[in-house]
>>> print(open('target.cif').read())   # mmCIF, C-alpha atoms and all ligand atoms
data_query
#
loop_
_atom_site.label_atom_id
_atom_site.label_comp_id
_atom_site.auth_asym_id
_atom_site.auth_seq_id
_atom_site.Cartn_x
_atom_site.Cartn_y
_atom_site.Cartn_z
CA MET Z 1 20.87 34.18 27.10
CA SER Z 2 17.88 32.55 25.41
CA ILE Z 3 18.17 31.14 21.93
CA GLU Z 4 16.42 33.12 19.20
CA TYR Z 5 18.03 31.69 16.07
CA SER Z 6 18.40 28.02 15.14
CA VAL Z 7 20.31 26.71 12.14
CA ILE Z 8 19.42 23.16 11.12
CA VAL Z 9 21.76 21.14 8.93
CA PRO Z 10 20.77 17.72 7.56
CA ALA Z 11 23.98 15.76 7.24
CA TYR Z 12 24.92 12.36 5.97
CA ARG Z 13 28.63 11.50 5.81
CA GLU Z 14 29.70 15.13 5.99
CA LYS Z 15 32.51 14.96 8.57
CA LEU Z 16 34.94 17.06 6.52
CA ASN Z 17 32.41 19.85 6.07
CA ILE Z 18 31.32 20.17 9.70
CA LYS Z 19 34.21 22.27 11.00
CA PRO Z 20 34.39 24.81 8.14
CA LEU Z 21 30.63 25.20 8.20
CA THR Z 22 30.52 25.78 11.96
CA THR Z 23 33.40 28.24 12.11
CA ARG Z 24 32.25 30.21 9.05
CA LEU Z 25 28.67 30.34 10.28
CA PHE Z 26 29.44 31.73 13.74
CA ALA Z 27 32.10 34.11 12.36
CA GLY Z 28 29.56 35.43 9.82
CA MET Z 29 26.98 36.03 12.56
CA GLY Z 30 29.27 38.11 14.73
CA PRO Z 31 29.37 37.89 18.54
CA GLU Z 32 25.94 39.43 19.31
CA MET Z 33 23.93 37.14 17.04
CA ALA Z 34 26.13 34.12 17.86
CA LYS Z 35 25.21 34.41 21.56
CA LYS Z 36 21.53 33.93 20.67
CA SER Z 37 22.10 31.14 18.15
CA GLU Z 38 22.36 27.38 18.04
CA LEU Z 39 23.50 25.03 15.29
CA ILE Z 40 21.99 21.56 15.04
CA PHE Z 41 23.26 18.82 12.72
CA VAL Z 42 20.78 16.02 12.07
CA ASP Z 43 22.86 13.01 11.08
CA ASP Z 44 21.57 9.61 9.98
CA ASN Z 45 24.10 7.46 11.74
CA SER Z 46 26.95 8.28 9.33
CA GLN Z 47 29.55 6.69 11.65
CA ASP Z 48 32.28 8.69 9.90
CA GLY Z 49 33.50 10.71 12.87
CA SER Z 50 30.87 13.46 12.52
CA VAL Z 51 29.81 13.06 16.16
CA GLU Z 52 33.39 13.46 17.43
CA GLU Z 53 33.88 16.49 15.18
CA VAL Z 54 30.77 18.21 16.56
CA ASP Z 55 31.72 17.34 20.15
CA ALA Z 56 35.17 18.88 19.65
CA LEU Z 57 33.60 22.10 18.32
CA ALA Z 58 31.16 22.20 21.26
CA HIS Z 59 34.15 21.89 23.62
CA GLN Z 60 35.72 24.88 21.88
CA GLY Z 61 32.65 26.92 22.88
CA TYR Z 62 30.46 26.79 19.77
CA ASN Z 63 26.77 26.26 20.51
CA VAL Z 64 26.52 23.20 18.30
CA ARG Z 65 25.04 19.75 18.77
CA ILE Z 66 24.30 16.70 16.68
CA ILE Z 67 21.20 14.54 16.66
CA VAL Z 68 21.94 11.03 15.41
CA ARG Z 69 18.99 9.13 13.99
CA THR Z 70 19.32 5.38 13.79
CA THR Z 71 15.86 4.30 12.65
CA GLU Z 72 15.07 6.93 10.03
CA ARG Z 73 16.75 8.29 6.89
CA GLY Z 74 16.18 11.13 4.49
CA LEU Z 75 16.86 14.83 4.03
CA SER Z 76 13.33 16.22 4.53
CA SER Z 77 12.56 14.20 7.64
CA ALA Z 78 15.96 15.15 9.10
CA VAL Z 79 15.16 18.84 8.57
CA LEU Z 80 11.77 18.47 10.23
CA ARG Z 81 13.31 16.66 13.20
CA GLY Z 82 15.76 19.53 13.65
CA PHE Z 83 13.02 22.14 13.31
CA TYR Z 84 10.89 20.48 16.00
CA GLU Z 85 13.85 20.20 18.38
CA ALA Z 86 15.09 23.75 17.78
CA LYS Z 87 14.79 26.30 20.56
CA GLY Z 88 14.76 29.44 18.41
CA GLN Z 89 11.69 31.17 17.05
CA TYR Z 90 13.56 31.79 13.80
CA LEU Z 91 14.69 28.69 11.93
CA VAL Z 92 17.06 28.36 8.99
CA CYS Z 93 17.89 25.17 7.11
CA MET Z 94 21.04 24.75 5.05
CA ASP Z 95 23.10 21.95 3.54
CA ALA Z 96 26.26 20.73 5.24
CA ASP Z 97 28.39 20.70 2.09
CA LEU Z 98 28.97 24.50 1.88
CA GLN Z 99 26.99 24.84 -1.34
CA HIS Z 100 24.93 27.31 0.72
CA PRO Z 101 27.19 30.16 1.92
CA PRO Z 102 27.16 30.28 5.76
CA GLU Z 103 27.86 34.03 5.53
CA SER Z 104 24.35 34.55 4.04
CA VAL Z 105 22.57 33.06 7.07
CA PRO Z 106 22.29 36.42 8.94
CA ASP Z 107 20.52 37.85 5.86
CA LEU Z 108 17.97 35.04 6.01
CA PHE Z 109 17.35 35.69 9.70
CA LYS Z 110 17.00 39.41 9.02
CA SER Z 111 14.41 38.73 6.33
CA LEU Z 112 12.52 36.42 8.73
CA ARG Z 113 11.78 39.38 10.99
CA ASP Z 114 9.48 40.70 8.23
CA HIS Z 115 8.40 37.49 6.53
CA ALA Z 116 6.89 34.20 7.67
CA PHE Z 117 9.10 32.25 5.27
CA THR Z 118 12.37 33.19 3.55
CA LEU Z 119 14.04 31.44 0.66
CA GLY Z 120 17.62 31.62 -0.41
CA THR Z 121 17.18 32.03 -4.17
CA ARG Z 122 19.51 31.26 -7.06
CA TYR Z 123 17.19 33.00 -9.50
CA ALA Z 124 17.91 36.70 -8.98
CA PRO Z 125 19.94 39.19 -11.00
CA GLY Z 126 23.68 38.86 -10.48
CA VAL Z 127 23.64 35.50 -8.71
CA GLY Z 128 23.10 31.94 -9.71
CA ILE Z 129 24.42 28.49 -9.90
CA ASP Z 130 28.17 28.10 -10.04
CA LYS Z 131 29.32 27.83 -13.66
CA ASP Z 132 30.93 24.48 -12.83
CA TRP Z 133 27.55 22.91 -11.98
CA PRO Z 134 27.09 20.03 -14.46
CA LEU Z 135 24.61 20.45 -17.32
CA TYR Z 136 22.50 17.43 -16.28
CA ARG Z 137 21.96 18.97 -12.81
CA ARG Z 138 20.88 22.25 -14.40
CA VAL Z 139 18.35 20.43 -16.60
CA ILE Z 140 16.96 18.41 -13.65
CA SER Z 141 16.80 21.50 -11.47
CA SER Z 142 15.09 23.70 -14.09
CA THR Z 143 12.53 21.02 -14.98
CA ALA Z 144 11.76 20.38 -11.31
CA ARG Z 145 11.38 24.11 -10.69
CA MET Z 146 9.09 24.57 -13.68
CA MET Z 147 6.83 21.74 -12.49
CA ALA Z 148 6.47 23.41 -9.09
CA ARG Z 149 5.45 26.74 -10.64
CA PRO Z 150 1.68 26.29 -10.14
CA LEU Z 151 2.20 25.55 -6.44
CA THR Z 152 3.98 28.68 -5.21
CA VAL Z 153 4.98 32.18 -6.27
CA ALA Z 154 8.48 31.67 -4.76
CA SER Z 155 11.25 31.95 -7.36
CA ASP Z 156 13.30 28.97 -6.08
CA PRO Z 157 11.14 26.44 -4.22
CA MET Z 158 13.76 23.75 -4.98
CA SER Z 159 16.19 25.52 -2.69
CA GLY Z 160 17.38 23.70 0.38
CA PHE Z 161 18.50 27.05 1.83
CA PHE Z 162 15.49 28.58 3.55
CA GLY Z 163 14.03 29.71 6.85
CA LEU Z 164 10.74 30.20 8.62
CA GLN Z 165 9.19 31.50 11.80
CA LYS Z 166 8.60 28.50 14.02
CA LYS Z 167 5.05 29.50 14.96
CA TYR Z 168 3.87 28.67 11.43
CA LEU Z 169 5.21 25.14 11.76
CA GLU Z 170 3.51 24.78 15.14
CA ASN Z 171 0.20 25.78 13.53
CA CYS Z 172 0.36 22.84 11.13
CA ASN Z 173 -0.33 19.20 11.98
CA PRO Z 174 2.94 17.23 11.50
CA LYS Z 175 0.90 14.40 9.98
CA ASP Z 176 -0.05 16.69 7.08
CA ILE Z 177 3.57 17.19 6.04
CA ASN Z 178 5.17 14.79 3.57
CA SER Z 179 8.65 14.13 4.95
CA GLN Z 180 9.90 11.99 2.03
CA GLY Z 181 12.57 13.14 -0.38
CA PHE Z 182 14.59 16.35 -0.62
CA LYS Z 183 12.07 19.14 -1.29
CA ILE Z 184 10.96 20.15 2.16
CA ALA Z 185 10.86 23.89 1.36
CA LEU Z 186 8.29 23.35 -1.39
CA GLU Z 187 6.23 21.14 0.92
CA LEU Z 188 6.18 23.76 3.66
CA LEU Z 189 5.50 26.62 1.26
CA ALA Z 190 2.45 24.76 -0.05
CA LYS Z 191 1.12 23.49 3.27
CA LEU Z 192 1.91 25.92 6.08
CA PRO Z 193 -0.78 28.45 6.99
CA LEU Z 194 1.33 31.40 5.76
CA PRO Z 195 -0.14 34.93 5.54
CA ARG Z 196 -2.27 35.48 2.43
CA ASP Z 197 -0.37 38.57 1.33
CA PRO Z 198 2.65 37.15 -0.57
CA ARG Z 199 4.77 40.16 0.45
CA ALA Z 200 4.32 39.29 4.13
CA ALA Z 201 4.51 35.56 3.52
CA ILE Z 202 7.69 35.11 1.49
CA GLY Z 203 11.01 36.91 1.54
CA GLU Z 204 13.87 36.08 -0.79
CA VAL Z 205 17.62 36.38 -0.29
CA PRO Z 206 19.79 35.89 -3.39
CA PHE Z 207 22.80 33.60 -3.05
CA THR Z 208 25.21 31.79 -5.34
CA PHE Z 209 24.97 28.02 -5.21
CA GLY Z 210 28.52 26.71 -4.88
CA VAL Z 211 30.19 23.46 -5.80
CA ARG Z 212 30.71 20.70 -3.27
CA THR Z 213 34.41 20.12 -2.58
CA GLU Z 214 34.21 17.43 0.13
CA GLY Z 215 31.99 14.33 0.31
CA GLU Z 216 29.44 13.25 -2.26
CA SER Z 217 25.97 14.35 -3.37
CA LYS Z 218 23.15 12.07 -2.21
CA LEU Z 219 20.81 12.95 -5.06
CA SER Z 220 19.62 9.68 -6.62
CA GLY Z 221 16.94 8.29 -8.91
CA LYS Z 222 14.92 7.46 -5.80
CA VAL Z 223 14.95 11.12 -4.77
CA ILE Z 224 13.64 12.13 -8.22
CA ILE Z 225 10.79 9.59 -7.97
CA GLN Z 226 9.98 10.86 -4.46
CA TYR Z 227 9.82 14.38 -5.88
CA LEU Z 228 7.31 13.35 -8.57
CA GLN Z 229 5.17 11.62 -5.93
CA GLN Z 230 5.35 14.71 -3.75
CA LEU Z 231 4.33 16.92 -6.69
CA LYS Z 232 1.32 14.71 -7.38
CA GLU Z 233 0.24 14.95 -3.76
CA LEU Z 234 0.73 18.72 -3.67
CA TYR Z 235 -1.25 19.22 -6.88
CA VAL Z 236 -4.14 17.23 -5.39
CA PHE Z 237 -3.80 19.16 -2.12
CA LYS Z 238 -3.94 22.49 -3.89
CA PHE Z 239 -6.19 21.92 -6.90
CA GLY Z 240 -8.16 18.72 -6.18
CA ALA Z 241 -7.91 15.28 -7.78
CA ASN Z 242 -9.86 16.22 -10.94
CA ASN Z 243 -7.46 18.92 -11.97
CA LEU Z 244 -4.60 16.46 -11.68
CA ILE Z 245 -5.73 14.96 -15.01
CA LEU Z 246 -5.57 18.40 -16.64
CA PHE Z 247 -2.09 18.99 -15.25
CA GLY Z 248 -1.03 15.49 -16.36
CA ALA Z 249 -2.19 16.26 -19.91
CA PHE Z 250 -0.48 19.66 -19.83
CA TRP Z 251 2.88 18.29 -18.66
CA SER Z 252 2.71 15.36 -21.13
CA ILE Z 253 2.17 17.74 -24.06
CA LEU Z 254 4.99 19.96 -22.82
CA PHE Z 255 7.27 16.93 -22.40
CA PHE Z 256 6.64 15.59 -25.90
CA TYR Z 257 7.02 19.08 -27.37
CA GLY Z 258 10.39 19.40 -25.57
CA CYS Z 259 11.52 16.00 -26.95
CA TYR Z 260 10.39 17.02 -30.45
CA GLN Z 261 12.38 20.28 -30.27
CA LEU Z 262 15.43 18.46 -28.92
CA TYR Z 263 15.24 15.89 -31.74
CA HIS Z 264 15.24 18.67 -34.35
CA LEU Z 265 18.08 20.43 -32.60
CA VAL Z 266 20.28 17.33 -32.57
CA PHE Z 267 19.41 15.73 -35.95
N1 LIG Z 301 20.41 13.40 7.66
C1 LIG Z 301 20.43 13.25 6.34
N2 LIG Z 301 20.97 14.20 5.57
C2 LIG Z 301 20.96 14.01 4.23
C3 LIG Z 301 20.42 12.86 3.62
N3 LIG Z 301 20.57 12.98 2.26
C4 LIG Z 301 21.20 14.14 2.06
N4 LIG Z 301 21.44 14.76 3.23
C5 LIG Z 301 22.11 16.03 3.46
O1 LIG Z 301 21.37 17.02 2.79
C6 LIG Z 301 22.24 18.00 2.25
C7 LIG Z 301 22.03 18.10 0.73
O2 LIG Z 301 22.39 16.86 0.15
P1 LIG Z 301 23.24 16.80 -1.22
O3 LIG Z 301 23.40 15.38 -1.56
O4 LIG Z 301 24.42 17.67 -1.13
O5 LIG Z 301 22.17 17.44 -2.18
P2 LIG Z 301 22.39 18.11 -3.60
O6 LIG Z 301 22.27 17.08 -4.63
O7 LIG Z 301 23.56 18.99 -3.62
O8 LIG Z 301 21.02 18.95 -3.64
C8 LIG Z 301 20.96 20.17 -3.11
O9 LIG Z 301 20.53 21.06 -4.07
C9 LIG Z 301 19.17 21.19 -4.22
C10 LIG Z 301 18.95 22.35 -5.15
O10 LIG Z 301 19.11 21.94 -6.46
C11 LIG Z 301 18.50 21.42 -2.89
O11 LIG Z 301 17.14 21.45 -3.06
C12 LIG Z 301 18.78 20.30 -1.95
O12 LIG Z 301 18.21 20.56 -0.65
C13 LIG Z 301 20.19 20.22 -1.81
O13 LIG Z 301 20.47 21.44 -1.19
C14 LIG Z 301 23.67 17.58 2.62
O14 LIG Z 301 24.03 18.27 3.77
C15 LIG Z 301 23.51 16.09 2.88
O15 LIG Z 301 24.47 15.58 3.76
C16 LIG Z 301 19.86 11.86 4.47
O16 LIG Z 301 19.37 10.82 4.03
N5 LIG Z 301 19.89 12.11 5.81
MG MG Z 302 24.98 19.32 -2.18
#
>>> encode(input="target.cif", output="structure tokens")
Amino acid sequence: MSIEYSVIVPAYREKLNIKPLTTRLFAGMGPEMAKKSELIFVDDNSQDGSVEEVDALAHQGYNVRIIVRTTERGLSSAVLRGFYEAKGQYLVCMDADLQHPPESVPDLFKSLRDHAFTLGTRYAPGVGIDKDWPLYRRVISSTARMMARPLTVASDPMSGFFGLQKKYLENCNPKDINSQGFKIALELLAKLPLPRDPRAAIGEVPFTFGVRTEGESKLSGKVIIQYLQQLKELYVFKFGANNLILFGAFWSILFFYGCYQLYHLVF
């Protein structure tokens, strides 16, 4: 049977999460969808036993494989590599660490039948970020999301849980896509030739962002800097270089206003 659905998982040192993710994902799909699906881990030479873990699952009959990159690193570029190698016409990307519920993947694929791009969103009534998520991550996440507001109408462009129809990726020159950093969904939302009507272009599936129980987060200062560089490039792409100065002034005023308010709150 030909593959219709591909799930891409960027993974770095995620051995302990590979088995639960694979078994929960295929169980959540059910036998009919599972027959038409593949799961691809894109690993950056973790050398932690991830390859053996995936091989064992493949021997048990799961349609899963692992691509090991030895000359490249990074979440966004790993996702793109998986997307280009995927056989399905419907692609979903999710994290390995189970912060994205594997049981919600069929809902993303369902939404992709009617939309070019679908985002798993944490900003919908009744769902959200797990209450145990640390305050500093909430602040970083909200600020990053606010700064992306002018670039897309999507409610959660910071989400790493998203999907798209492959034909839209094939209609875009790979050289035009910035593959640095973590925010590949935002990049694709801004650059892919999606339908003009936002209702046809973007679907949203609410999900609750869980807490990692195995392994460690790879978010670092470098990733935050890469995000700011990406934002700058996307602002220029969308609004032109001149308007970048206006946005710079706007965000500076907002930043100093925020600091001022915080100062008065604390002292
Ligand atoms: N191949 C590869 N995978 C990577 C790399 N860095 C991170 N990953 C993988 O990318 C996924 C997300 O990495 P985390 O380190 O768990 O990210 P996070 O801080 O929890 O950030 C998440 O939340 C954001 C929303 O606030 C998401 O935008 C982001 O994609 C990610 O899901 C995990 O599966 C991790 O193994 C890398 O350099 N190479
Ligand atoms: Mg994580």
>>> residues_near_ligand(input="target.cif", ligand="ligand MG 302 (chain Z)", cutoff="8 Å", atoms="only C-alpha atoms and all ligand atoms", output="list in words")
Asp95, Ala96, Asp97, Leu98, Gln99, Val211, Arg212, Glu216, Ser217 and Lys218 of chain Z
>>> write_last_selection(input="target.cif", atoms="C-alpha atoms", output="mmCIF file, in the frame of the given file")
data_model
loop_
_atom_site.group_PDB
_atom_site.id
_atom_site.type_symbol
_atom_site.label_atom_id
_atom_site.label_comp_id
_atom_site.auth_asym_id
_atom_site.auth_seq_id
_atom_site.Cartn_x
_atom_site.Cartn_y
_atom_site.Cartn_z
ATOM 1 C CA ASP Z 95 23.100 21.950 3.540
ATOM 2 C CA ALA Z 96 26.260 20.730 5.240
ATOM 3 C CA ASP Z 97 28.390 20.700 2.090
ATOM 4 C CA LEU Z 98 28.970 24.500 1.880
ATOM 5 C CA GLN Z 99 26.990 24.840 -1.340
ATOM 6 C CA VAL Z 211 30.190 23.460 -5.800
ATOM 7 C CA ARG Z 212 30.710 20.700 -3.270
ATOM 8 C CA GLU Z 216 29.440 13.250 -2.260
ATOM 9 C CA SER Z 217 25.970 14.350 -3.370
ATOM 10 C CA LYS Z 218 23.150 12.070 -2.210
#
>>> closest_residue(input="target.cif", among="Z:Lys36, Z:Arg81, Z:Lys15, Z:Arg24", to="Z:Val51", atoms="only C-alpha atoms")
Z:Lys15
>>> residues_near_ligand(input="target.cif", ligand="ligand LIG 301 (chain Z)", cutoff="6 Å", atoms="all atoms listed in the file", output="PyMOL selection string")
chain Z and resi 10-12+14+42-44+73-75+78+95-97+141+158-160+182-183+217-219
>>> residues_around(input="target.cif", residues="Z:Thr22", least_positions_apart="5", cutoff="8 Å", atoms="only C-alpha atoms", output="MDAnalysis selection string")
chainID Z and resid 39 57 62 64
>>> closest_residue(input="target.cif", among="Z:Ser77, Z:Gln180, Z:Asn242, Z:Ser252", to="Z:Met147", atoms="only C-alpha atoms")
Z:Ser252
>>> residues_around(input="target.cif", residues="Z:Asp156", least_positions_apart="5", cutoff="8 Å", atoms="all atoms listed in the file", output="list of chain:residue names")
Z:Leu119, Z:Gly120, Z:Thr121, Z:Arg122, Z:Tyr123, Z:Arg145
>>> residues_around(input="target.cif", residues="Z:Glu103", least_positions_apart="4", cutoff="10 Å", atoms="all atoms listed in the file", output="CSV table (one decimal) with C-alpha atoms, keeping the file's coordinate frame")
chain,number,residue,atom,x,y,z
Z,21,LEU,CA,30.6,25.2,8.2
Z,24,ARG,CA,32.2,30.2,9.0
Z,25,LEU,CA,28.7,30.3,10.3
Z,26,PHE,CA,29.4,31.7,13.7
Z,27,ALA,CA,32.1,34.1,12.4
Z,28,GLY,CA,29.6,35.4,9.8
Z,29,MET,CA,27.0,36.0,12.6
Z,107,ASP,CA,20.5,37.8,5.9
Z,108,LEU,CA,18.0,35.0,6.0
Z,207,PHE,CA,22.8,33.6,-3.0
>>> residues_around(input="target.cif", residues="stretch 152-155 of chain Z", least_positions_apart="4", cutoff="12 Å", atoms="only C-alpha atoms", output="PyMOL selection string")
chain Z and resi 117-125+142+145-148+159+162+185-192+194+196-199+201-206+231+234-235+238
>>> atom_distance(input="target.cif", atom1="atom CA of Z:Ser6", atom2="atom CA of Z:Tyr84")
10.7 Å
>>> atom_distance(input="target.cif", atom1="atom CA of Z:Val7", atom2="atom CA of Z:Phe237")
29.0 Å
>>> atom_distance(input="target.cif", atom1="atom CA of Z:Leu164", atom2="atom CA of Z:Val127")
22.2 Å
>>> closest_residue(input="target.cif", among="Z:Ile140, Z:Cys259, Z:Met33, Z:Val79", to="Z:Lys110", atoms="only C-alpha atoms")
Z:Met33
>>> closest_residue(input="target.cif", among="Z:Leu169, Z:Ser76, Z:Thr208, Z:Ala241", to="Z:Val223", atoms="all atoms listed in the file")
Z:Ser76
>>> axis_aligned_box(input="target.cif", around="stretch 46-61 of chain Z", padding_each_side="3 Å", output="lines of an AutoDock Vina configuration file")
center_x = 31.3
center_y = 16.8
center_z = 16.5
size_x = 14.8
size_y = 26.2
size_z = 20.3
>>> residues_around(input="target.cif", residues="Z:Tyr227", least_positions_apart="5", cutoff="10 Å", atoms="only C-alpha atoms", output="PyMOL selection string")
chain Z and resi 144+180-184+221-222+232-233
>>> closest_residue(input="target.cif", among="Z:Gly163, Z:Gly61, Z:Gly49, Z:Pro102", to="Z:Gly210", atoms="all atoms listed in the file")
Z:Pro102
